[in-house]
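For reference, coords38.csv is printed below; it contains CSV, C-alpha atoms.
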chain,number,residue,atom,x,y,z
A,1,MET,CA,81.8,44.4,-169.5
A,2,PHE,CA,82.7,40.7,-170.0
A,3,ARG,CA,86.0,39.0,-169.9
A,4,ILE,CA,86.7,35.6,-171.3
A,5,ASP,CA,88.6,33.3,-169.0
A,6,PHE,CA,90.7,31.8,-171.8
A,7,ASN,CA,92.5,29.6,-169.3
A,8,LYS,CA,89.3,27.6,-168.9
A,9,LEU,CA,88.9,27.0,-172.6
A,10,ARG,CA,90.4,24.1,-174.6
A,11,PHE,CA,91.2,24.8,-178.3
A,12,LEU,CA,91.8,22.5,-181.2
A,13,VAL,CA,93.7,24.2,-184.1
A,14,CYS,CA,93.9,22.4,-187.4
A,15,ASP,CA,96.1,23.8,-190.2
A,16,ASP,CA,98.5,22.1,-192.5
A,17,ASN,CA,100.8,25.1,-192.5
A,18,PRO,CA,103.2,25.1,-189.5
A,19,HIS,CA,103.7,28.9,-189.7
A,20,MET,CA,100.0,29.5,-189.3
A,21,ARG,CA,99.7,27.0,-186.4
A,22,ARG,CA,102.5,28.9,-184.7
A,23,ILE,CA,100.8,32.2,-185.2
A,24,LEU,CA,97.5,30.8,-183.9
A,25,ARG,CA,99.2,29.2,-180.9
A,26,THR,CA,100.9,32.5,-180.1
A,27,LEU,CA,97.7,34.5,-180.3
A,28,LEU,CA,95.7,32.0,-178.2
A,29,HIS,CA,98.3,31.8,-175.5
A,30,SER,CA,98.5,35.6,-175.5
A,31,PHE,CA,94.8,35.7,-174.9
A,32,GLY,CA,95.4,33.5,-171.9
A,33,ALA,CA,94.6,30.0,-173.3
A,34,ARG,CA,96.6,27.2,-171.8
A,35,GLU,CA,95.2,24.2,-173.6
A,36,VAL,CA,95.8,24.5,-177.4
A,37,TYR,CA,96.0,21.2,-179.3
A,38,GLU,CA,97.3,21.2,-182.9
A,39,ALA,CA,96.6,19.0,-185.8
A,40,GLU,CA,98.1,19.3,-189.3
A,41,ASP,CA,95.2,17.6,-191.2
A,42,GLY,CA,91.6,16.9,-190.8
A,43,ALA,CA,91.9,13.2,-190.0
A,44,THR,CA,94.2,13.9,-187.1
A,45,ALA,CA,92.0,16.7,-186.0
A,46,LEU,CA,89.0,14.5,-185.9
A,47,GLU,CA,90.9,12.0,-183.7
A,48,MET,CA,92.0,14.7,-181.4
A,49,TYR,CA,88.5,16.1,-181.3
A,50,SER,CA,87.2,12.9,-179.9
A,51,HIS,CA,90.1,12.5,-177.5
A,52,TYR,CA,90.5,16.0,-176.1
A,53,VAL,CA,86.9,17.2,-176.4
A,54,PRO,CA,87.8,20.8,-177.2
A,55,ASP,CA,85.5,23.7,-176.5
A,56,ILE,CA,86.3,25.5,-179.7
A,57,VAL,CA,87.7,24.3,-183.0
A,58,ILE,CA,89.7,26.6,-185.3
A,59,THR,CA,90.3,25.1,-188.7
A,60,ASP,CA,91.8,26.0,-192.0
A,61,TRP,CA,89.9,25.0,-195.1
A,62,ALA,CA,92.4,23.9,-197.8
A,63,MET,CA,94.3,21.0,-196.5
A,64,PRO,CA,95.5,17.8,-198.2
A,65,ILE,CA,93.3,14.6,-198.1
A,66,PHE,CA,90.8,15.6,-195.5
A,67,ASP,CA,90.1,19.3,-195.5
A,68,GLY,CA,88.5,21.7,-193.0
A,69,LEU,CA,85.1,21.5,-194.6
A,70,GLU,CA,85.0,17.7,-194.3
A,71,LEU,CA,86.2,18.1,-190.7
A,72,ALA,CA,83.2,20.4,-190.0
A,73,GLN,CA,80.9,17.9,-191.6
A,74,MET,CA,82.3,15.0,-189.6
A,75,ILE,CA,81.9,17.0,-186.3
A,76,ARG,CA,78.3,18.0,-187.1
A,77,GLN,CA,77.0,14.5,-187.1
A,78,PRO,CA,74.0,14.5,-184.7
A,79,GLU,CA,74.2,10.7,-184.2
A,80,SER,CA,77.9,10.6,-183.5
A,81,LYS,CA,79.4,9.7,-180.1
A,82,GLY,CA,81.3,13.0,-179.8
A,83,ASN,CA,80.0,16.5,-179.2
A,84,PRO,CA,78.4,17.8,-182.4
A,85,TYR,CA,77.7,21.2,-181.0
A,86,ALA,CA,81.2,22.6,-180.5
A,87,PRO,CA,81.8,26.0,-182.2
A,88,ILE,CA,83.8,25.8,-185.3
A,89,ILE,CA,85.7,28.8,-186.6
A,90,MET,CA,86.8,28.5,-190.2
A,91,LEU,CA,90.0,30.5,-190.7
A,92,THR,CA,90.8,30.5,-194.4
A,93,GLY,CA,92.2,32.4,-197.4
A,94,HIS,CA,89.0,31.7,-199.2
A,95,SER,CA,86.8,34.7,-199.1
A,96,GLU,CA,84.4,34.4,-202.0
A,97,LYS,CA,80.6,34.5,-201.3
A,98,ARG,CA,80.0,30.9,-202.5
A,99,ARG,CA,82.8,29.6,-200.2
A,100,VAL,CA,81.2,31.3,-197.2
A,101,THR,CA,77.9,29.8,-198.1
A,102,VAL,CA,79.4,26.3,-198.5
A,103,ALA,CA,81.2,26.6,-195.1
A,104,ARG,CA,78.0,27.9,-193.5
A,105,ASP,CA,76.0,24.9,-194.9
A,106,ALA,CA,78.7,22.5,-193.5
A,107,GLY,CA,77.9,23.8,-190.0
A,108,VAL,CA,80.7,26.2,-189.5
A,109,THR,CA,79.9,28.7,-186.7
A,110,GLU,CA,82.1,31.6,-187.7
A,111,PHE,CA,84.1,32.5,-190.8
A,112,LEU,CA,87.4,34.4,-190.5
A,113,ALA,CA,89.2,35.4,-193.7
A,114,LYS,CA,93.0,35.6,-193.7
A,115,PRO,CA,95.1,37.6,-193.2
A,116,ILE,CA,94.6,36.8,-189.5
A,117,SER,CA,94.5,39.6,-187.0
A,118,ALA,CA,94.4,39.4,-183.2
A,119,LYS,CA,91.2,41.5,-183.2
A,120,GLY,CA,89.4,39.4,-185.7
A,121,LEU,CA,90.2,36.2,-184.0
A,122,TYR,CA,89.3,37.5,-180.5
A,123,GLN,CA,85.9,38.8,-181.8
A,124,ARG,CA,85.0,35.5,-183.4
A,125,ILE,CA,85.9,33.7,-180.1
A,126,LEU,CA,83.9,36.2,-178.1
A,127,ASN,CA,81.0,35.7,-180.4
A,128,VAL,CA,80.9,31.9,-180.1
A,129,VAL,CA,81.3,32.1,-176.3
A,130,ALA,CA,78.9,34.9,-175.6
A,131,ASN,CA,76.3,34.5,-178.4
A,132,PRO,CA,75.8,30.8,-179.2
A,133,ARG,CA,73.0,30.2,-181.7
A,134,PRO,CA,70.4,27.4,-181.4
A,135,PHE,CA,71.1,24.4,-183.6
A,136,ILE,CA,68.8,23.5,-186.5
A,137,LYS,CA,68.3,20.0,-187.8
A,138,THR,CA,66.6,19.4,-191.2
A,139,LYS,CA,66.9,16.5,-193.6
A,140,THR,CA,69.9,18.1,-195.1
A,141,TYR,CA,71.5,20.3,-192.4
A,142,PHE,CA,72.6,20.0,-188.8
A,143,GLY,CA,74.4,23.0,-187.3
A,144,PRO,CA,74.1,26.4,-185.8
A,145,ASP,CA,71.1,28.5,-187.0
A,146,ARG,CA,72.1,30.0,-190.3
A,147,ARG,CA,69.8,32.9,-189.6
A,148,ARG,CA,71.7,35.3,-187.5
A,149,ASN,CA,69.1,38.0,-187.4
A,150,THR,CA,65.4,38.3,-187.7
A,151,ASN,CA,64.4,40.5,-190.7
A,152,SER,CA,61.0,42.0,-189.9
A,153,ALA,CA,61.0,43.6,-193.4
A,154,TYR,CA,61.3,40.2,-195.2
A,155,MET,CA,58.5,39.8,-197.8
A,156,GLY,CA,59.4,36.5,-199.4
A,157,PRO,CA,58.1,33.0,-198.8
A,158,GLU,CA,58.8,31.3,-195.5
A,159,ARG,CA,61.2,28.4,-196.3
A,160,ARG,CA,60.8,26.8,-192.9
A,161,VAL,CA,57.3,25.7,-192.6
A,162,GLY,CA,55.0,24.1,-190.0
A,163,GLU,CA,53.7,25.2,-186.6
A,164,LYS,CA,55.4,24.4,-183.4
A,165,HIS,CA,53.3,21.4,-182.3
A,166,GLU,CA,55.2,19.8,-179.5
A,167,VAL,CA,58.5,19.5,-177.8
A,168,MET,CA,59.6,16.2,-179.2
A,169,GLN,CA,62.1,14.0,-177.5
A,170,GLN,CA,64.9,12.9,-179.7
A,171,PRO,CA,66.1,9.5,-178.4
A,172,SER,CA,69.3,9.5,-180.5
A,173,LEU,CA,70.3,13.0,-179.3
A,174,LEU,CA,69.5,12.3,-175.7
A,175,ASP,CA,71.2,8.9,-175.8
A,176,LYS,CA,74.2,10.6,-177.3
A,177,ALA,CA,74.3,13.3,-174.6
A,178,ARG,CA,73.8,10.8,-171.8
A,179,SER,CA,76.6,8.7,-173.0
A,180,SER,CA,78.9,11.7,-173.0
A,181,ILE,CA,78.2,12.7,-169.3
B,1,MET,CA,83.5,21.5,-170.3
B,2,ALA,CA,81.6,22.3,-173.5
B,3,LYS,CA,78.8,19.8,-173.0
B,4,ASN,CA,75.5,20.0,-171.3
B,5,SER,CA,73.7,17.1,-169.7
B,6,ALA,CA,70.9,15.4,-171.6
B,7,LYS,CA,68.2,17.1,-169.6
B,8,ASP,CA,69.4,20.5,-170.7
B,9,ILE,CA,69.0,19.8,-174.4
B,10,GLU,CA,65.5,20.7,-175.7
B,11,VAL,CA,64.4,19.8,-179.1
B,12,THR,CA,61.4,21.6,-180.5
B,13,ALA,CA,59.9,19.9,-183.6
B,14,PHE,CA,58.4,21.7,-186.5
B,15,ALA,CA,57.1,20.3,-189.8
B,16,THR,CA,60.3,20.6,-191.7
B,17,HIS,CA,62.9,21.1,-189.0
B,18,GLN,CA,63.9,20.8,-185.4
B,19,VAL,CA,65.3,23.6,-183.2
B,20,ILE,CA,67.7,22.4,-180.6
B,21,THR,CA,68.4,24.7,-177.7
B,22,GLN,CA,70.5,24.3,-174.6
B,23,PRO,CA,72.0,26.6,-172.0
B,24,ASN,CA,75.3,28.1,-173.2
B,25,PRO,CA,77.8,25.4,-172.4
B,26,LEU,CA,80.6,28.1,-172.3
B,27,ARG,CA,78.8,30.5,-170.0
B,28,LYS,CA,81.2,29.7,-167.2
B,29,VAL,CA,84.2,31.2,-169.0
B,30,LEU,CA,82.4,34.6,-169.2
B,31,ARG,CA,83.0,36.9,-166.3
B,32,ARG,CA,81.4,40.3,-165.8
B,33,ILE,CA,84.0,42.8,-164.7
B,34,GLU,CA,84.3,46.6,-164.2
B,35,GLU,CA,85.8,48.6,-167.1
B,36,LYS,CA,88.8,49.5,-164.9
B,37,ASP,CA,89.6,45.9,-164.5
B,38,MET,CA,89.5,45.1,-168.2
B,39,ASP,CA,93.0,44.2,-169.6
B,40,ASP,CA,93.9,44.3,-173.2
B,41,PRO,CA,94.1,40.8,-174.6
B,42,ILE,CA,94.1,42.0,-178.2
B,43,GLY,CA,97.0,44.4,-177.5
B,44,ARG,CA,98.8,41.6,-175.8
B,45,ALA,CA,98.3,39.3,-178.7
B,46,GLU,CA,99.4,41.9,-181.2
B,47,GLN,CA,102.6,42.4,-179.2
B,48,ALA,CA,103.2,38.7,-179.2
B,49,LEU,CA,102.7,38.6,-182.9
B,50,ALA,CA,105.2,41.4,-183.4
B,51,GLY,CA,107.6,39.3,-181.4
B,52,LEU,CA,107.4,36.7,-184.1
B,53,SER,CA,108.0,39.1,-186.9
B,54,GLY,CA,111.8,38.5,-186.9
B,55,GLU,CA,111.0,35.1,-188.4
B,56,PHE,CA,108.5,36.2,-191.0
B,57,LYS,CA,111.0,36.7,-193.9
B,58,ASP,CA,112.3,33.1,-193.4
B,59,TRP,CA,108.7,31.8,-193.2
B,60,MET,CA,107.8,33.7,-196.4
B,61,THR,CA,110.9,32.3,-198.1
B,62,THR,CA,109.9,28.8,-197.2
B,63,GLU,CA,106.4,29.4,-198.6
B,64,VAL,CA,107.7,30.9,-201.9
B,65,ASN,CA,110.2,28.0,-202.3
B,66,ARG,CA,107.3,25.6,-201.9
B,67,LEU,CA,105.4,27.4,-204.6
B,68,SER,CA,108.3,27.4,-206.9
B,69,ALA,CA,108.9,23.7,-206.4
B,70,ALA,CA,105.3,23.0,-207.0
B,71,TYR,CA,105.4,24.8,-210.3
B,72,VAL,CA,108.7,23.1,-211.3
B,73,ALA,CA,106.9,19.8,-210.8
B,74,VAL,CA,104.1,20.9,-213.0
B,75,ARG,CA,106.4,22.1,-215.7
B,76,HIS,CA,108.3,18.8,-215.8
B,77,GLU,CA,105.4,16.4,-215.3
B,78,GLY,CA,102.2,18.2,-216.2
B,79,PHE,CA,99.1,18.9,-214.3
B,80,SER,CA,98.0,15.7,-212.4
B,81,GLN,CA,95.3,16.3,-209.8
B,82,GLU,CA,97.9,16.0,-207.0
B,83,ARG,CA,100.3,18.4,-208.6
B,84,ARG,CA,97.5,20.9,-209.3
B,85,ASP,CA,96.3,20.7,-205.7
B,86,GLU,CA,99.8,21.2,-204.3
B,87,LEU,CA,100.3,24.3,-206.6
B,88,PHE,CA,97.0,25.6,-205.5
B,89,ARG,CA,97.6,25.1,-201.8
B,90,ALA,CA,101.1,26.7,-202.0
B,91,ALA,CA,99.6,29.7,-203.7
B,92,HIS,CA,96.6,29.7,-201.4
B,93,ASP,CA,98.9,29.7,-198.3
B,94,ILE,CA,100.8,32.7,-199.6
B,95,LYS,CA,97.5,34.4,-200.3
B,96,GLY,CA,96.5,33.9,-196.7
B,97,ASP,CA,99.8,34.4,-194.9
B,98,ALA,CA,101.8,37.0,-196.9
B,99,ALA,CA,100.1,40.0,-195.6
B,100,THR,CA,100.7,38.8,-192.0
B,101,PHE,CA,104.3,38.3,-192.9
B,102,GLY,CA,104.6,41.9,-194.2
B,103,TYR,CA,104.2,41.2,-198.0
B,104,PRO,CA,100.6,42.3,-198.9
B,105,ALA,CA,101.4,42.7,-202.6
B,106,ALA,CA,102.5,39.1,-202.7
B,107,ALA,CA,99.2,38.1,-201.2
B,108,GLY,CA,97.4,39.9,-204.1
B,109,VAL,CA,99.6,38.1,-206.7
B,110,ALA,CA,99.0,34.8,-205.1
B,111,GLU,CA,95.3,35.4,-205.0
B,112,SER,CA,95.4,36.1,-208.7
B,113,LEU,CA,97.3,32.8,-209.3
B,114,CYS,CA,94.7,30.9,-207.2
B,115,ARG,CA,92.0,32.3,-209.4
B,116,VAL,CA,93.7,31.1,-212.6
B,117,ILE,CA,94.2,27.6,-211.1
B,118,GLU,CA,90.6,27.4,-209.9
B,119,HIS,CA,88.8,28.9,-212.9
B,120,ALA,CA,90.8,28.0,-216.0
B,121,PRO,CA,88.8,25.3,-217.8
B,122,ASP,CA,92.0,23.5,-218.9
B,123,LEU,CA,95.2,24.2,-217.0
B,124,GLU,CA,97.3,22.6,-219.7
B,125,LYS,CA,96.2,25.3,-222.1
B,126,VAL,CA,97.0,28.2,-219.8
B,127,PRO,CA,100.0,30.1,-221.3
B,128,ALA,CA,103.0,29.2,-219.2
B,129,GLU,CA,103.9,32.9,-219.0
B,130,LEU,CA,100.8,33.5,-216.9
B,131,PHE,CA,102.1,31.1,-214.2
B,132,THR,CA,105.8,32.2,-214.5
B,133,HIS,CA,104.9,35.9,-214.3
B,134,HIS,CA,102.9,35.4,-211.1
B,135,ILE,CA,105.6,33.3,-209.5
B,136,ASN,CA,108.4,35.6,-210.6
B,137,ALA,CA,106.5,38.6,-209.2
B,138,ILE,CA,106.1,36.9,-205.8
B,139,LEU,CA,109.9,36.1,-205.8
B,140,ALA,CA,110.6,39.7,-206.7
B,141,ILE,CA,108.4,41.1,-204.0
B,142,LEU,CA,110.0,38.9,-201.5
B,143,HIS,CA,113.5,40.0,-202.4
B,144,GLU,CA,112.8,43.7,-202.9
B,145,ASN,CA,110.2,44.2,-200.2
B,146,THR,CA,112.5,46.1,-197.8
B,147,LYS,CA,113.2,48.8,-200.3
B,148,LEU,CA,110.7,51.6,-199.7
B,149,ASP,CA,110.5,52.7,-203.4
B,150,SER,CA,109.6,49.1,-204.3
B,151,ILE,CA,106.4,49.0,-202.3
B,152,SER,CA,104.4,51.0,-204.8
B,153,VAL,CA,105.9,49.0,-207.7
B,154,SER,CA,104.9,45.8,-205.9
B,155,ALA,CA,101.3,47.0,-205.6
B,156,GLU,CA,101.2,48.1,-209.2
B,157,LEU,CA,102.7,44.8,-210.3
B,158,SER,CA,100.1,42.9,-208.3
B,159,ARG,CA,97.3,45.0,-209.8
B,160,ARG,CA,98.4,44.6,-213.4
B,161,LEU,CA,98.9,40.8,-213.0
B,162,ARG,CA,95.4,40.5,-211.6
B,163,LYS,CA,94.1,42.5,-214.6
B,164,VAL,CA,95.9,40.2,-217.1
B,165,ALA,CA,94.7,37.1,-215.2
B,166,ASP,CA,91.1,38.3,-215.0
B,167,ASP,CA,91.0,39.2,-218.7
B,168,TYR,CA,92.2,35.7,-219.5
B,169,LEU,CA,89.7,34.1,-217.2
B,170,ALA,CA,86.9,36.2,-218.6
B,171,GLN,CA,87.8,35.1,-222.1
B,172,VAL,CA,88.1,31.4,-221.5
B,173,ASN,CA,85.0,31.3,-219.3
B,174,HIS,CA,82.7,33.2,-221.6
B,175,ASP,CA,80.5,30.1,-221.9
B,176,ARG,CA,80.7,29.1,-218.2
B,177,PRO,CA,78.5,31.6,-216.4
B,178,GLU,CA,79.0,30.1,-213.0
B,179,HIS,CA,82.7,30.6,-213.2
B,180,LEU,CA,82.3,34.1,-214.7
B,181,GLU,CA,80.0,35.0,-211.8
B,182,ALA,CA,82.6,33.7,-209.3
B,183,ILE,CA,85.4,35.6,-211.1
B,184,LEU,CA,83.5,38.9,-211.1
B,185,ALA,CA,82.0,38.6,-207.6
B,186,PRO,CA,83.7,40.7,-204.9
B,187,SER,CA,84.8,39.2,-201.6
B,188,ILE,CA,82.1,39.6,-199.0
B,189,VAL,CA,83.9,38.6,-195.9
B,190,PRO,CA,85.0,41.4,-193.6
B,191,ALA,CA,88.6,40.9,-192.5
B,192,GLU,CA,87.7,41.7,-188.9

As structure tokens, the full file:
Amino acid sequence: MFRIDFNKLRFLVCDDNPHMRRILRTLLHSFGAREVYEAEDGATALEMYSHYVPDIVITDWAMPIFDGLELAQMIRQPESKGNPYAPIIMLTGHSEKRRVTVARDAGVTEFLAKPISAKGLYQRILNVVANPRPFIKTKTYFGPDRRRNTNSAYMGPERRVGEKHEVMQQPSLLDKARSSI
Amino acid sequence: MAKNSAKDIEVTAFATHQVITQPNPLRKVLRRIEEKDMDDPIGRAEQALAGLSGEFKDWMTTEVNRLSAAYVAVRHEGFSQERRDELFRAAHDIKGDAATFGYPAAAGVAESLCRVIEHAPDLEKVPAELFTHHINAILAILHENTKLDSISVSAELSRRLRKVADDYLAQVNHDRPEHLEAILAPSIVPAE
């Protein structure tokens, strides 16, 4: 069995609702987390993200001015100075299929529909800690692999094309990673 | 801690995409333990959440007051984008939080209200009663929730309001298939 040492994890929580921030803080501290930073809007969260370099981001979607979706898109900038790979858990009252798809396409790692539960939150955190997915970069997407499973019975056309031809160095990514050491 | 050094990041290029792999940067927080040593973080967190429950009615009251104020602003000054967004966010917060606060029927009513705000083609043309019935229902659920016999009434109220709202939305969106699809689509997200 595995246990997560929450006291070694740094969280950034972004929600405009103070009650939900209090609930999240309570749950994370109960899990054992010590470092929980809070922002009440996406712009503040982005600043805190650069400053504190959290291991995991938990964000609401609907917020004024700069929402959780935009926050995810700003974090998932492969050329940015910060860490574009941090797991993002979207905690939201939105639960419609198209919303989940939009969040996934913005680079969100896990989606957790409200009402929040201790079990649901713990499982999402366990998943991002224990089962990180590779990142995919295309012309229009940068984020965790949106294919969670391999479907051997899939009969449709392959949307990702091309053979693996080389391991190509990416100067921008490497430079970015070097600058962050 | 959640960063790998540059040499650990490997980029494999394909014709249309790149696959970027790296060792799990959070691997150091995972510890293998014996089952007998496993504590119960979820139980601990549920207990802590229960410890907050004494504040939930006050929190719910704050949320409902915010919704009422947002609608009063709309009634007096009409639907600007800002007032529409505030009304939606207030309803949306109740949709997400009310069940945690012990008012699941209010969450259902708030969800129905969110759908009206999101899918009505012209909010100025939505009958005012549709808004007031939703907001009054949430107020009633908040004030009557502790009475056991009101729980089933709250659930029935929520169900009927949703039906009225959905019928209205289906009617006004008959020529907007993308909205009709969204209105009729069930939620696909598991709660846990």

Between A:Asp60, A:Glu70, A:Asp145, A:Asp5, which has the minimum distance to Leu46 of chain A (counting only C-alpha atoms)?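 Smallest distance to Leu46 of chain A is found for A:Glu70.
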
**Q.** Å distance separating atom CA of Leu69 of chain A from atom CA of Val64 of chain B, one decimal place
**A.**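 Interatomic distance, atom CA of Leu69 of chain A to atom CA of Val64 of chain B: 25.5 Å.
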
inquiry  = Just want the 6 Å neighbourhood of segment 39-42 of chain A, counted on only C-alpha atoms, with same-chain residues fewer than 3 positions away dropped. Output as a PyMOL selection string.
reply    = chain A and resi 14-16+45+66-67+71

- Just the residues within 12 Å of Glu55 of chain B, please, counting only C-alpha atoms, with nothing from its chain fewer than 2 positions along; format it as a ChimeraX atom specification. /A:19,22-23 /B:49-53,57-62,100-102

One residue among A:Arg25, A:Lys114, A:Lys137, A:Lys97 is nearest to Pro84 of chain A when using all atoms listed in the file, and that residue is A:Lys137

**Item:** Best match for closeness to Leu180 of chain B among B:Arg115, B:Lys163, B:Lys36, B:His134, counting only C-alpha atoms
**Value:**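 Once distances to Leu180 of chain B are computed over only C-alpha atoms, the minimum belongs to B:Arg115.
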
- request: Please identify all polymer residues within 8 Å of segment 89-97 of chain B, counting all atoms listed in the file, omitting same-chain residues fewer than 3 positions from it, and present them as a PyMOL selection string.
  value: (chain A and resi 17+20+62-63+92-93+114-116) or (chain B and resi 60+63-64+66-67+70+85-86+100-101+106-111+113-114)

- Task: Find the residues around Ser117 of chain A up to 10 Å (all atoms listed in the file counted), leave out those fewer than 5 positions away in its own chain, and share them as an NGL selection string.
- Result: (:A and (23-24 or 27 or 112 or 122)) or (:B and (42 or 45-46 or 49 or 100 or 191-192))

(Q) Env of Pro78 of chain A: 10 Å cut, atoms = all atoms listed in the file, seq-sep filter 2 positions within chain, self excluded. Answer as a PyMOL selection string. (A) chain A and resi 74-76+80-85+137+141-143+172-173+176

(97.9, 34.3, -215.4) in this file's frame - what residues fall within 10 Å of it? Use only C-alpha atoms and give the answer as a JSON list (two decimals) with C-alpha atoms, in the coordinates of the input.
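Resulting contents of part_33.json:
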[["chain", "number", "residue", "atom", "x", "y", "z"],
["B", 109, "VAL", "CA", 99.60, 38.10, -206.70],
["B", 112, "SER", "CA", 95.40, 36.10, -208.70],
["B", 113, "LEU", "CA", 97.30, 32.80, -209.30],
["B", 114, "CYS", "CA", 94.70, 30.90, -207.20],
["B", 115, "ARG", "CA", 92.00, 32.30, -209.40],
["B", 116, "VAL", "CA", 93.70, 31.10, -212.60],
["B", 117, "ILE", "CA", 94.20, 27.60, -211.10],
["B", 120, "ALA", "CA", 90.80, 28.00, -216.00],
["B", 126, "VAL", "CA", 97.00, 28.20, -219.80],
["B", 127, "PRO", "CA", 100.00, 30.10, -221.30],
["B", 128, "ALA", "CA", 103.00, 29.20, -219.20],
["B", 129, "GLU", "CA", 103.90, 32.90, -219.00],
["B", 130, "LEU", "CA", 100.80, 33.50, -216.90],
["B", 131, "PHE", "CA", 102.10, 31.10, -214.20],
["B", 132, "THR", "CA", 105.80, 32.20, -214.50],
["B", 133, "HIS", "CA", 104.90, 35.90, -214.30],
["B", 134, "HIS", "CA", 102.90, 35.40, -211.10],
["B", 135, "ILE", "CA", 105.60, 33.30, -209.50],
["B", 161, "LEU", "CA", 98.90, 40.80, -213.00],
["B", 162, "ARG", "CA", 95.40, 40.50, -211.60],
["B", 163, "LYS", "CA", 94.10, 42.50, -214.60],
["B", 164, "VAL", "CA", 95.90, 40.20, -217.10],
["B", 165, "ALA", "CA", 94.70, 37.10, -215.20],
["B", 166, "ASP", "CA", 91.10, 38.30, -215.00],
["B", 167, "ASP", "CA", 91.00, 39.20, -218.70],
["B", 168, "TYR", "CA", 92.20, 35.70, -219.50],
["B", 169, "LEU", "CA", 89.70, 34.10, -217.20]]
